[in-house]
Amino acid sequence: MATVTLNSLYKNYGETEVVHGIDLEVGHQEFVVLVGPSGCGKSTTLRMVAGLEDITRGEIWIDDTCVNELEPQHRDIAMVFQDYALYPHMSVFQNMAFSLQYRGHDKSDIRRRVLAAADILNISELLERRPKQLSGGQRQRVAMGRAIVRDPKVFLFDEPLSNLDAKLRVSMRGEIKKLHRRVATTSIYVTHDQVEAMTLADRIVIMNAGNIEQIGTPDEVYSKPASVFVAGFVGSPTMNLLPAELTAADDGLAVRLDNDIALRIPETKRQRYANYVGQPVVFGLRPENILWSPNGAAQNDALIRRTAEEIEPLGSDTLVFFSIGGREVVGRLPPNSVRRIGETVSVLPEMDAMQLFDPASGKAI
Amino acid sequence: MATTTPEEAIAGALRRPRKPLIAKRRHRQVVLTYLFLIPAATVFILYRLIPLGWNFVLSFQFWSPTAPAEFAGLYHYEEMFLFDDVFRDALKNTLIYMLTAPIGIIMALGLAMLVNSQIRSRGLYRTLIFLSYPLMTVGVGIIWRWLYDEKVGLFNFILRSLGLIDEPIAFLESFSTALASVMAAAIWQILGFFMIILLTGLQNIPEHLYEAASIDGANRWRQFYRITLPLLRPSIFLCLIIGIIASFTSFDLIFVMTNGGPGHATELLITYIYRSAFQLSQFDYAGALTVVMFVFFITIAILANFVAGGDAGKVDIN
Ligand SMILES: Nc1ncnc2c1ncn2[C@@H]1O[C@H](COP(=O)(O)OP(=O)(O)OP(=O)(O)O)[C@@H](O)[C@H]1O
Ligand SMILES: [Mg+2]
C-alpha cells in the first residue's frame with residue numbers, strides 16, 4: 001500500500017508565497033498528473049513531496065507517516081528528472097545499481113534487479129555504456145530504470161519527456177503508460193502539456209498560480225471544467241468562451257451572445273441557472289459541440305451564420321474560425337465543409353454540452 | 001550533343017568555382033594546423049628544446065667558458081649520484097617540496113566547497129582567497145619573510161602574545177623548520193589558483209545529480225565520494241600537474257626567502273642548478289643536473305596524467 005496525502009501545503013521562497021495551501025490525496029497505485037502553466041508551482045509541489053524543498057506550512061503524508069522532517073533517502077520514493085540527472089561517470093548498470101547499494105542489497109540481488117528492470121525497459125544491451133553514449137530516448141529509459149529497480153512506494157516525475165522530440169515524446173508517453181500498468185506504483189507526474197496529462201492520468205490536478213483549480217478524471221476536467229481557467233487550459237483547441245447575458249425567454253431561459261443571437265438553454269439545465277437571470281455570465285462551448293448544418297432551416301433561431309475568417313484543415317476535421325460579438329470562435333467541422341476563407345458557415349451550437357461560468361469568480365455555475 | 005547523367009549534373013552544380021591551392025581537404029587541414037603551430041613552436045624550440053639539447057651535450061663534457069670542451073663520458077653523473085651529498089639533499093628536498101601540490105589541493109578543495117555553498121558573502125571570500133595568486137612571487141617571498149621574522153615577524157608576535165612560546169622561533173634560519181616554512185608560503189601562494197580551478201569544476205556538476213543521489217539514498221559523505229570526487233578528477237589532476245610543475249620551478253620563492261639555506265636545508269634541484277652554473281661556474285655539471293631533473297620531472301608528469309586517465313583538465317559533464 002502506498003498513498004500520498006498533502007494537507008494544506010504552503011511554500012514560501014523568502015517573502016513570496018508560491019504554493020497557497022494545496023490539498024490532495026493520491027490513492028494506492030494511482031497515477032496523478034499535476035498540470036498547469038509555467039511557474040504555477042508544480043515542480044515546487046513535487047519537490048516538496050520528494051524532500052528536496054522544505055515545507056513552509058502544512059503536511060505531507062506517505063501512507064501513515066508524516067514525512068515533513070524525513071530526508072529524501074528515507075521517504076522511499078524515486079524521482080525521474082527533466083534532464084534525467086544520470087551520473088555521467090557511471091555506466092548504465094552502475095547508474096541503476098547506485099540506489100540499491102545503499103539499501104543493503106547483496107551483489108547478486110542487485111544484479112538480478114537491474115537486469116530485470118533493464119529487460120522491462122528494453123535497455124539490456126546498453127548496460128555497459130556511459131550516459132553520454134546514449135540517445136535522448138535511451139537516457140530517458142535509464143532514468144526510469146533507475147527509479148523502478150528499487151521498487152519504491154512512490155514514483156515522482158518532473159516533466160520527464162520535455163527534452164525529447166515530439167515523436168519520441170508520444171511513444172515514450174505510451175511506454176510510461178504501459179510501464180505503469182505493469183509495475184503499478186503510486187505516481188505523481190508533473191507536466192505542462194495537457195495532452196500528456198489527459199493521456200496518462202487516472203486523475204488530473206490542474207494548478208494555476210499556486211492553487212489547485214480542479215481535480216478530476218481526464219473526462220471530468222474535459223467535460224465539466226470547474227472554472228474558466230480549466231476550460232481555457234484543457235483541450236486543443238480549448239473551449240470557446242464568450243461573454244453573455246442570461247435572459248428569461250418566453251418559455252424558459254436563454255443566453256444572449258450578441259444582438260442577434262440568443263440561444264435557448266435546454267430544459268435539464270434551467271433549474272441550475274435560474275438564479276442568474278439578468279446577470280452577465282461566461283458562456284463556454286467546445287469546438288466539437290459546434291455542429292455544421294449547411295441545410296439548417298432558416299427559421300431555426302439557434303442557427304448561426306457567420307463568415308469564415310480562418311481555416312485550419314487537420315485532415316480528420318477542419319478548424320473553422322469566425323467571430324461572435326467581436327470574439328473569435330472556433331468550430332471543429334467536417335473536412336472540406338468550408339473550403340475558402342470568406343465563405344459563409346452555418347452552424348448549430350449543441351446546447352446540451354454548454355457550460356456557464358460566473359465572470360466574477362471564474363467558477364462554473 | 002552529349003547527354004549528361006543526373007550524377008554529372010549534380011556534380012557540375014556542386015563544382016567549386018576555384019581550384020584550391022591544396023587539392024585534398026585532409027592535406028589542407030594538416031597544413032593549416034602546422035601554420036598555426038609555427039609561432040608557438042618556434043619559441044618552444046628556441047628557448048626550450050635547443051637549450052635542453054645543449055644541456056644534454058654539455059653533461060657529457062668537461063666544459064667551462066674559458067677552456068675547450070673535452071669528452072667526459074658519465075663523469076658528472078657518477079659524481080652526482082655517488083659523491084654529491086648536496087645533490088642528494090636537493091633531490092630529497094624537491095620530493096618533499098612537491099607535497100605542496102597535494103596538500104594545497106586538499107586545502108583548496110575544502111575552501112572551494114565552502115565558498116561554493118550557500119554561506120554569506122561567499123563572493124568576498126572567493127576574491128580574498130584568489131588574491132594571493134596574481135601576486136608576484138618575489139612579493140610573496142618578502143611578505144612571508146617578514147611574517148616569519150624573528151624580531152618583528154607577525155607569527156612570533158602572535159605566538160608570544162598568546163604565551164605559547166618564550167623564545168622567538170627562527171622559522172627560516174633553523175634546519176628543522178626552514179623547508180616547512182617555505183612550503184607554507186608556496187601553498188598559500190598557489191591555493192587561490194587551485195581553488196578557482198576546483199570551484200569551476202564544482203560548479204560544472206549539475207545540482208540535479210546531488211538531488212538524484214540523495215533520493216537514491218546517498219548521504220553527504222557518499223555524495224562527495226561517489227559524485228563530487230570522480231567528477232572533479234580532471235580538475236584535481238590539472239591542479240596536481242600544475243602544482244608539481246610549480247614546485248619544481250619554485251626558484252624565486254626560495255631565492256628570496258632562504259637562498260637554499262640554512263646550509264642546504266631548503267636547497268631544491270632548481271636552486272642547486274643555478275648555484276652550480278652561475279655561482280660556481282660548473283656549467284657542465286649544472287647541465288647534467290638539468291638532464292636528471294628533466295627526466296625526473298617528465299616521469300612524474302606522465303605518471304600523473306596516466307593516473308588521471310589521460311584527461312587532466314578536461315571539463316566534461318554529459
Ligand atoms: N529557488 C527559488 N527561489 C525563488 N523562487 C522560486 C524558486 N524556485 C521556484 N520559484 C518560483 O516559484 C514559482 C513556482 O515554480 P515551479 O518551478 O514550481 O514552477 P513550475 O510549475 O514547475 O513551472 P514549469 O512548468 O516552468 O517548470 C515560480 O514563480 C518560480 O519563479
Ligand atoms: Mg517545473
# chains A, B, ... in the order shown; residues from 1 in each chain; ligands from 1
>>> residues_near_ligand(ligand="ligand 1", cutoff="10 Å", atoms="only C-alpha atoms and all ligand atoms", output="compact mmCIF listing (two decimals) with all heavy atoms, in the first residue's frame")
# COMPACT_ATOMS: atom_id res chain seq x y z
N LYS A 11 4.20 26.91 0.38
CA LYS A 11 5.64 27.08 0.15
C LYS A 11 5.96 28.55 -0.05
O LYS A 11 5.34 29.23 -0.87
CB LYS A 11 6.09 26.30 -1.08
CG LYS A 11 7.54 26.49 -1.45
CD LYS A 11 8.46 25.87 -0.42
CE LYS A 11 9.91 26.25 -0.67
NZ LYS A 11 10.81 25.66 0.35
N ASN A 12 6.91 29.03 0.72
CA ASN A 12 7.40 30.39 0.54
C ASN A 12 8.86 30.35 0.11
O ASN A 12 9.64 29.57 0.63
CB ASN A 12 7.36 31.15 1.88
CG ASN A 12 5.96 31.56 2.25
OD1 ASN A 12 5.02 30.78 2.09
ND2 ASN A 12 5.82 32.76 2.74
N TYR A 13 9.19 31.19 -0.84
CA TYR A 13 10.60 31.48 -1.09
C TYR A 13 10.84 32.87 -0.54
O TYR A 13 10.40 33.85 -1.14
CB TYR A 13 10.93 31.46 -2.57
CG TYR A 13 11.00 30.06 -3.15
CD1 TYR A 13 10.06 29.63 -4.09
CD2 TYR A 13 12.00 29.18 -2.76
CE1 TYR A 13 10.13 28.35 -4.62
CE2 TYR A 13 12.07 27.90 -3.29
CZ TYR A 13 11.14 27.50 -4.21
OH TYR A 13 11.21 26.24 -4.73
N GLY A 14 11.46 32.95 0.61
CA GLY A 14 11.62 34.25 1.25
C GLY A 14 10.25 34.80 1.56
O GLY A 14 9.45 34.17 2.24
N GLU A 15 9.96 35.98 1.04
CA GLU A 15 8.69 36.64 1.33
C GLU A 15 7.56 36.13 0.43
O GLU A 15 6.40 36.19 0.78
CB GLU A 15 8.82 38.16 1.13
CG GLU A 15 9.76 38.83 2.11
CD GLU A 15 9.16 38.91 3.50
OE1 GLU A 15 8.25 39.73 3.70
OE2 GLU A 15 9.58 38.14 4.38
N THR A 16 7.95 35.64 -0.76
CA THR A 16 6.94 35.27 -1.75
C THR A 16 6.37 33.89 -1.49
O THR A 16 7.11 32.92 -1.38
CB THR A 16 7.53 35.27 -3.16
OG1 THR A 16 8.90 35.64 -3.07
CG2 THR A 16 6.76 36.13 -4.10
N GLU A 17 5.06 33.84 -1.45
CA GLU A 17 4.42 32.53 -1.32
C GLU A 17 4.10 32.04 -2.72
O GLU A 17 3.47 32.75 -3.50
CB GLU A 17 3.13 32.71 -0.51
CG GLU A 17 2.48 31.40 -0.14
CD GLU A 17 1.25 31.62 0.74
OE1 GLU A 17 1.44 31.81 1.94
OE2 GLU A 17 0.14 31.63 0.21
N VAL A 18 4.57 30.84 -3.05
CA VAL A 18 4.34 30.34 -4.42
C VAL A 18 3.36 29.18 -4.45
O VAL A 18 2.81 28.87 -5.50
CB VAL A 18 5.66 29.95 -5.11
CG1 VAL A 18 6.56 31.16 -5.26
CG2 VAL A 18 6.38 28.85 -4.37
N VAL A 19 3.15 28.52 -3.31
CA VAL A 19 2.12 27.48 -3.25
C VAL A 19 1.21 27.85 -2.08
O VAL A 19 1.67 28.06 -0.97
CB VAL A 19 2.75 26.09 -3.04
CG1 VAL A 19 1.67 25.04 -2.82
CG2 VAL A 19 3.61 25.70 -4.23
N LEU A 34 0.02 16.37 -12.26
CA LEU A 34 -0.11 17.79 -11.97
C LEU A 34 0.16 18.55 -13.25
O LEU A 34 1.22 18.39 -13.85
CB LEU A 34 0.91 18.24 -10.92
CG LEU A 34 0.96 17.57 -9.56
CD1 LEU A 34 1.94 18.30 -8.66
CD2 LEU A 34 -0.40 17.56 -8.94
N VAL A 35 -0.78 19.37 -13.64
CA VAL A 35 -0.58 20.10 -14.90
C VAL A 35 -0.97 21.55 -14.68
O VAL A 35 -1.81 21.87 -13.82
CB VAL A 35 -1.40 19.43 -16.04
CG1 VAL A 35 -2.87 19.55 -15.81
CG2 VAL A 35 -1.02 20.01 -17.39
N GLY A 36 -0.34 22.42 -15.43
CA GLY A 36 -0.64 23.84 -15.29
C GLY A 36 0.41 24.64 -16.05
O GLY A 36 1.42 24.08 -16.48
N PRO A 37 0.17 25.93 -16.20
CA PRO A 37 1.11 26.74 -16.97
C PRO A 37 2.44 26.89 -16.24
O PRO A 37 2.55 26.59 -15.06
CB PRO A 37 0.39 28.08 -17.09
CG PRO A 37 -0.57 28.12 -15.96
CD PRO A 37 -0.96 26.71 -15.70
N SER A 38 3.42 27.36 -16.97
CA SER A 38 4.76 27.51 -16.40
C SER A 38 4.74 28.43 -15.18
O SER A 38 4.08 29.45 -15.17
CB SER A 38 5.67 28.09 -17.48
OG SER A 38 6.97 28.13 -16.99
N GLY A 39 5.43 28.01 -14.14
CA GLY A 39 5.56 28.84 -12.94
C GLY A 39 4.40 28.71 -11.97
O GLY A 39 4.30 29.47 -11.02
N CYS A 40 3.51 27.73 -12.17
CA CYS A 40 2.34 27.65 -11.30
C CYS A 40 2.62 26.87 -10.02
O CYS A 40 1.78 26.77 -9.15
CB CYS A 40 1.17 27.01 -12.04
SG CYS A 40 1.40 25.28 -12.37
N GLY A 41 3.83 26.30 -9.91
CA GLY A 41 4.20 25.64 -8.66
C GLY A 41 4.15 24.12 -8.70
O GLY A 41 4.20 23.49 -7.66
N LYS A 42 4.09 23.55 -9.89
CA LYS A 42 4.05 22.09 -10.00
C LYS A 42 5.33 21.46 -9.49
O LYS A 42 5.31 20.57 -8.63
CB LYS A 42 3.86 21.66 -11.47
CG LYS A 42 2.75 22.35 -12.20
CD LYS A 42 2.72 21.94 -13.67
CE LYS A 42 3.91 22.38 -14.48
NZ LYS A 42 3.94 23.77 -14.88
N SER A 43 6.45 21.95 -10.02
CA SER A 43 7.74 21.36 -9.61
C SER A 43 7.96 21.57 -8.13
O SER A 43 8.43 20.67 -7.44
CB SER A 43 8.88 22.00 -10.39
OG SER A 43 8.75 21.74 -11.74
N THR A 44 7.63 22.76 -7.65
CA THR A 44 7.82 23.04 -6.23
C THR A 44 7.05 22.04 -5.39
O THR A 44 7.57 21.48 -4.42
CB THR A 44 7.35 24.47 -5.93
OG1 THR A 44 8.03 25.35 -6.82
CG2 THR A 44 7.66 24.85 -4.51
N THR A 45 5.81 21.79 -5.76
CA THR A 45 5.00 20.83 -5.02
C THR A 45 5.63 19.45 -5.04
O THR A 45 5.78 18.79 -4.01
CB THR A 45 3.58 20.77 -5.62
OG1 THR A 45 3.06 22.09 -5.68
CG2 THR A 45 2.67 19.89 -4.80
N LEU A 46 6.04 19.03 -6.24
CA LEU A 46 6.62 17.70 -6.38
C LEU A 46 7.90 17.58 -5.57
O LEU A 46 8.16 16.56 -4.92
CB LEU A 46 6.92 17.43 -7.86
CG LEU A 46 7.23 15.98 -8.19
CD1 LEU A 46 5.94 15.18 -8.21
CD2 LEU A 46 7.94 15.86 -9.53
N ARG A 47 8.69 18.65 -5.60
CA ARG A 47 9.97 18.61 -4.88
C ARG A 47 9.75 18.62 -3.37
O ARG A 47 10.58 18.13 -2.63
CB ARG A 47 10.85 19.78 -5.32
CG ARG A 47 11.34 19.59 -6.78
CD ARG A 47 11.95 20.87 -7.33
NE ARG A 47 13.04 21.33 -6.51
CZ ARG A 47 14.28 20.88 -6.60
NH1 ARG A 47 14.59 19.98 -7.51
NH2 ARG A 47 15.22 21.34 -5.82
N MET A 48 8.64 19.16 -2.93
CA MET A 48 8.34 19.06 -1.50
C MET A 48 8.00 17.62 -1.14
O MET A 48 8.39 17.13 -0.08
CB MET A 48 7.20 20.01 -1.13
CG MET A 48 7.64 21.46 -1.05
SD MET A 48 6.43 22.51 -0.22
CE MET A 48 5.27 22.81 -1.51
N GLU A 53 12.74 20.15 -1.27
CA GLU A 53 12.44 21.51 -0.80
C GLU A 53 11.80 21.40 0.58
O GLU A 53 11.04 20.47 0.83
CB GLU A 53 11.42 22.20 -1.74
CG GLU A 53 11.88 22.43 -3.15
CD GLU A 53 12.84 23.60 -3.30
OE1 GLU A 53 13.07 24.32 -2.29
OE2 GLU A 53 13.38 23.75 -4.39
N GLN A 82 13.74 16.03 -15.28
CA GLN A 82 13.60 16.50 -16.66
C GLN A 82 14.88 16.27 -17.47
O GLN A 82 14.83 15.84 -18.61
CB GLN A 82 13.25 17.98 -16.65
CG GLN A 82 13.16 18.57 -18.04
CD GLN A 82 12.64 19.99 -18.01
OE1 GLN A 82 12.22 20.49 -16.99
NE2 GLN A 82 12.66 20.63 -19.15
N ASP A 158 9.19 14.68 -12.96
CA ASP A 158 9.11 16.11 -13.25
C ASP A 158 9.39 16.35 -14.73
O ASP A 158 10.54 16.36 -15.16
CB ASP A 158 10.10 16.90 -12.39
CG ASP A 158 9.82 18.40 -12.45
OD1 ASP A 158 8.94 18.81 -13.23
OD2 ASP A 158 10.49 19.16 -11.73
N GLU A 159 8.36 16.52 -15.50
CA GLU A 159 8.46 16.74 -16.93
C GLU A 159 9.48 15.82 -17.59
O GLU A 159 10.40 16.29 -18.25
CB GLU A 159 8.84 18.20 -17.22
CG GLU A 159 7.96 19.16 -16.45
CD GLU A 159 7.70 20.43 -17.20
OE1 GLU A 159 7.95 20.46 -18.43
OE2 GLU A 159 7.23 21.38 -16.58
N VAL A 190 4.46 15.39 -13.21
CA VAL A 190 4.31 16.82 -13.49
C VAL A 190 4.54 17.09 -14.97
O VAL A 190 5.48 16.56 -15.57
CB VAL A 190 5.32 17.65 -12.66
CG1 VAL A 190 5.49 19.03 -13.25
CG2 VAL A 190 4.87 17.75 -11.22
N THR A 191 3.66 17.86 -15.57
CA THR A 191 3.88 18.25 -16.96
C THR A 191 3.16 19.56 -17.20
O THR A 191 2.29 19.96 -16.44
CB THR A 191 3.34 17.18 -17.93
OG1 THR A 191 3.51 17.64 -19.26
CG2 THR A 191 1.86 16.90 -17.69
N HIS A 192 3.56 20.29 -18.25
CA HIS A 192 2.74 21.44 -18.60
C HIS A 192 1.99 21.17 -19.89
O HIS A 192 1.35 22.05 -20.45
CB HIS A 192 3.57 22.73 -18.68
CG HIS A 192 4.65 22.66 -19.70
ND1 HIS A 192 5.97 22.62 -19.37
CD2 HIS A 192 4.59 22.63 -21.04
CE1 HIS A 192 6.69 22.56 -20.47
NE2 HIS A 192 5.88 22.55 -21.50
N ASP A 193 2.11 19.92 -20.35
CA ASP A 193 1.48 19.54 -21.61
C ASP A 193 0.15 18.86 -21.29
O ASP A 193 0.11 17.76 -20.74
CB ASP A 193 2.43 18.59 -22.33
CG ASP A 193 1.85 18.09 -23.64
OD1 ASP A 193 0.64 18.27 -23.86
OD2 ASP A 193 2.61 17.51 -24.43
N MET A 207 -3.40 23.00 -11.87
CA MET A 207 -2.91 24.04 -10.98
C MET A 207 -2.81 25.36 -11.72
O MET A 207 -2.56 25.40 -12.92
CB MET A 207 -1.53 23.67 -10.42
CG MET A 207 -1.58 22.52 -9.44
SD MET A 207 0.02 22.18 -8.73
CE MET A 207 0.29 23.67 -7.77
N ASN A 208 -2.99 26.44 -10.97
CA ASN A 208 -2.85 27.78 -11.53
C ASN A 208 -2.35 28.70 -10.43
O ASN A 208 -2.98 28.79 -9.38
CB ASN A 208 -4.20 28.26 -12.08
CG ASN A 208 -4.08 29.64 -12.69
OD1 ASN A 208 -3.01 30.03 -13.16
ND2 ASN A 208 -5.18 30.37 -12.68
N ALA A 209 -1.22 29.31 -10.67
CA ALA A 209 -0.66 30.30 -9.73
C ALA A 209 -0.67 29.81 -8.29
O ALA A 209 -1.08 30.52 -7.39
CB ALA A 209 -1.42 31.62 -9.85
N GLY A 210 -0.21 28.60 -8.07
CA GLY A 210 -0.05 28.11 -6.71
C GLY A 210 -1.31 27.57 -6.07
O GLY A 210 -1.31 27.24 -4.89
>>> interface_residues(of="chain A", to="chain B", cutoff="8 Å", atoms="only C-alpha atoms", output="PyMOL selection string")
chain A and resi 50+52+72-74+77-79+81+85-89+98-100+102-103+131-132
>>> atom_distance(atom1="atom CA of Ala248 of chain A", atom2="atom CA of Asn295 of chain A")
28.7 Å
>>> closest_residue(among="B:Trp54, B:Tyr75, B:Phe87, B:Phe251", to="Ala186 of chain B", atoms="only C-alpha atoms")
B:Phe251
>>> residues_around(residues="Phe157 of chain B", least_positions_apart="5", cutoff="12 Å", atoms="only C-alpha atoms", output="list in words")
Trp146, Leu147, Tyr148, Asp149, Glu150, Lys151, Val152, Leu162, Gly163, Leu164, Ile165, Asp166, Glu167, Pro168 and Ile169 of chain B
>>> select_by_dssp(residues="segment 103-312 of chain A", states="alpha helix (DSSP H)", output="ChimeraX atom specification")
/A:107-121,136-148,166-182,194-200,218-223,228-233,267-273
>>> atom_distance(atom1="atom CA of Arg113 of chain A", atom2="atom CA of Glu71 of chain A")
24.5 Å
>>> decode(residues="segment 106-126 of chain B", atoms="N, CA, C and O atoms", output="PDB file, in the first residue's frame")
ATOM      1  N   ILE B 106      44.197  19.608  -1.368  1.00  0.00           N
ATOM      2  CA  ILE B 106      43.223  19.211  -0.345  1.00  0.00           C
ATOM      3  C   ILE B 106      42.639  20.449   0.343  1.00  0.00           C
ATOM      4  O   ILE B 106      41.422  20.576   0.501  1.00  0.00           O
ATOM      5  N   MET B 107      43.531  21.384   0.690  1.00  0.00           N
ATOM      6  CA  MET B 107      43.042  22.598   1.343  1.00  0.00           C
ATOM      7  C   MET B 107      42.147  23.392   0.392  1.00  0.00           C
ATOM      8  O   MET B 107      41.080  23.887   0.776  1.00  0.00           O
ATOM      9  N   ALA B 108      42.576  23.497  -0.871  1.00  0.00           N
ATOM     10  CA  ALA B 108      41.811  24.277  -1.832  1.00  0.00           C
ATOM     11  C   ALA B 108      40.443  23.647  -2.077  1.00  0.00           C
ATOM     12  O   ALA B 108      39.443  24.346  -2.256  1.00  0.00           O
ATOM     13  N   LEU B 109      40.386  22.309  -2.072  1.00  0.00           N
ATOM     14  CA  LEU B 109      39.106  21.632  -2.284  1.00  0.00           C
ATOM     15  C   LEU B 109      38.142  21.970  -1.150  1.00  0.00           C
ATOM     16  O   LEU B 109      36.960  22.276  -1.387  1.00  0.00           O
ATOM     17  N   GLY B 110      38.682  21.947   0.069  1.00  0.00           N
ATOM     18  CA  GLY B 110      37.849  22.317   1.212  1.00  0.00           C
ATOM     19  C   GLY B 110      37.331  23.739   1.071  1.00  0.00           C
ATOM     20  O   GLY B 110      36.136  23.999   1.226  1.00  0.00           O
ATOM     21  N   LEU B 111      38.233  24.646   0.725  1.00  0.00           N
ATOM     22  CA  LEU B 111      37.827  26.041   0.572  1.00  0.00           C
ATOM     23  C   LEU B 111      36.837  26.201  -0.578  1.00  0.00           C
ATOM     24  O   LEU B 111      35.838  26.921  -0.461  1.00  0.00           O
ATOM     25  N   ALA B 112      37.114  25.524  -1.682  1.00  0.00           N
ATOM     26  CA  ALA B 112      36.226  25.647  -2.841  1.00  0.00           C
ATOM     27  C   ALA B 112      34.823  25.183  -2.478  1.00  0.00           C
ATOM     28  O   ALA B 112      33.827  25.796  -2.865  1.00  0.00           O
ATOM     29  N   MET B 113      34.740  24.099  -1.699  1.00  0.00           N
ATOM     30  CA  MET B 113      33.412  23.611  -1.327  1.00  0.00           C
ATOM     31  C   MET B 113      32.728  24.583  -0.379  1.00  0.00           C
ATOM     32  O   MET B 113      31.519  24.765  -0.451  1.00  0.00           O
ATOM     33  N   LEU B 114      33.528  25.212   0.474  1.00  0.00           N
ATOM     34  CA  LEU B 114      32.949  26.222   1.367  1.00  0.00           C
ATOM     35  C   LEU B 114      32.395  27.406   0.591  1.00  0.00           C
ATOM     36  O   LEU B 114      31.251  27.814   0.785  1.00  0.00           O
ATOM     37  N   VAL B 115      33.223  27.963  -0.298  1.00  0.00           N
ATOM     38  CA  VAL B 115      32.755  29.165  -0.999  1.00  0.00           C
ATOM     39  C   VAL B 115      31.755  28.815  -2.091  1.00  0.00           C
ATOM     40  O   VAL B 115      31.162  29.687  -2.699  1.00  0.00           O
ATOM     41  N   ASN B 116      31.569  27.509  -2.366  1.00  0.00           N
ATOM     42  CA  ASN B 116      30.553  27.104  -3.333  1.00  0.00           C
ATOM     43  C   ASN B 116      29.219  26.871  -2.633  1.00  0.00           C
ATOM     44  O   ASN B 116      28.194  26.724  -3.269  1.00  0.00           O
ATOM     45  N   SER B 117      29.239  26.831  -1.295  1.00  0.00           N
ATOM     46  CA  SER B 117      27.995  26.569  -0.583  1.00  0.00           C
ATOM     47  C   SER B 117      27.236  27.874  -0.397  1.00  0.00           C
ATOM     48  O   SER B 117      27.598  28.911  -0.938  1.00  0.00           O
ATOM     49  N   GLN B 118      26.175  27.802   0.384  1.00  0.00           N
ATOM     50  CA  GLN B 118      25.280  28.949   0.463  1.00  0.00           C
ATOM     51  C   GLN B 118      25.695  29.964   1.528  1.00  0.00           C
ATOM     52  O   GLN B 118      24.882  30.739   1.992  1.00  0.00           O
ATOM     53  N   ILE B 119      26.973  29.951   1.948  1.00  0.00           N
ATOM     54  CA  ILE B 119      27.370  30.881   3.001  1.00  0.00           C
ATOM     55  C   ILE B 119      27.269  32.325   2.514  1.00  0.00           C
ATOM     56  O   ILE B 119      27.322  32.606   1.326  1.00  0.00           O
ATOM     57  N   ARG B 120      27.154  33.231   3.510  1.00  0.00           N
ATOM     58  CA  ARG B 120      27.011  34.636   3.131  1.00  0.00           C
ATOM     59  C   ARG B 120      28.337  35.214   2.652  1.00  0.00           C
ATOM     60  O   ARG B 120      29.398  34.754   3.040  1.00  0.00           O
ATOM     61  N   SER B 121      28.263  36.222   1.837  1.00  0.00           N
ATOM     62  CA  SER B 121      29.398  36.931   1.231  1.00  0.00           C
ATOM     63  C   SER B 121      30.470  35.976   0.718  1.00  0.00           C
ATOM     64  O   SER B 121      31.651  36.186   0.916  1.00  0.00           O
ATOM     65  N   ARG B 122      30.013  34.905   0.051  1.00  0.00           N
ATOM     66  CA  ARG B 122      30.992  33.966  -0.479  1.00  0.00           C
ATOM     67  C   ARG B 122      31.826  34.593  -1.586  1.00  0.00           C
ATOM     68  O   ARG B 122      32.973  34.227  -1.795  1.00  0.00           O
ATOM     69  N   GLY B 123      31.216  35.557  -2.304  1.00  0.00           N
ATOM     70  CA  GLY B 123      31.962  36.238  -3.359  1.00  0.00           C
ATOM     71  C   GLY B 123      33.193  36.915  -2.793  1.00  0.00           C
ATOM     72  O   GLY B 123      34.280  36.860  -3.380  1.00  0.00           O
ATOM     73  N   LEU B 124      33.037  37.517  -1.623  1.00  0.00           N
ATOM     74  CA  LEU B 124      34.155  38.193  -0.966  1.00  0.00           C
ATOM     75  C   LEU B 124      35.255  37.184  -0.640  1.00  0.00           C
ATOM     76  O   LEU B 124      36.429  37.416  -0.913  1.00  0.00           O
ATOM     77  N   TYR B 125      34.855  36.044  -0.065  1.00  0.00           N
ATOM     78  CA  TYR B 125      35.853  35.029   0.287  1.00  0.00           C
ATOM     79  C   TYR B 125      36.593  34.541  -0.950  1.00  0.00           C
ATOM     80  O   TYR B 125      37.797  34.372  -0.938  1.00  0.00           O
ATOM     81  N   ARG B 126      35.821  34.298  -2.001  1.00  0.00           N
ATOM     82  CA  ARG B 126      36.446  33.839  -3.238  1.00  0.00           C
ATOM     83  C   ARG B 126      37.548  34.790  -3.673  1.00  0.00           C
ATOM     84  O   ARG B 126      38.660  34.396  -4.000  1.00  0.00           O
TER      85      ARG B 126
END
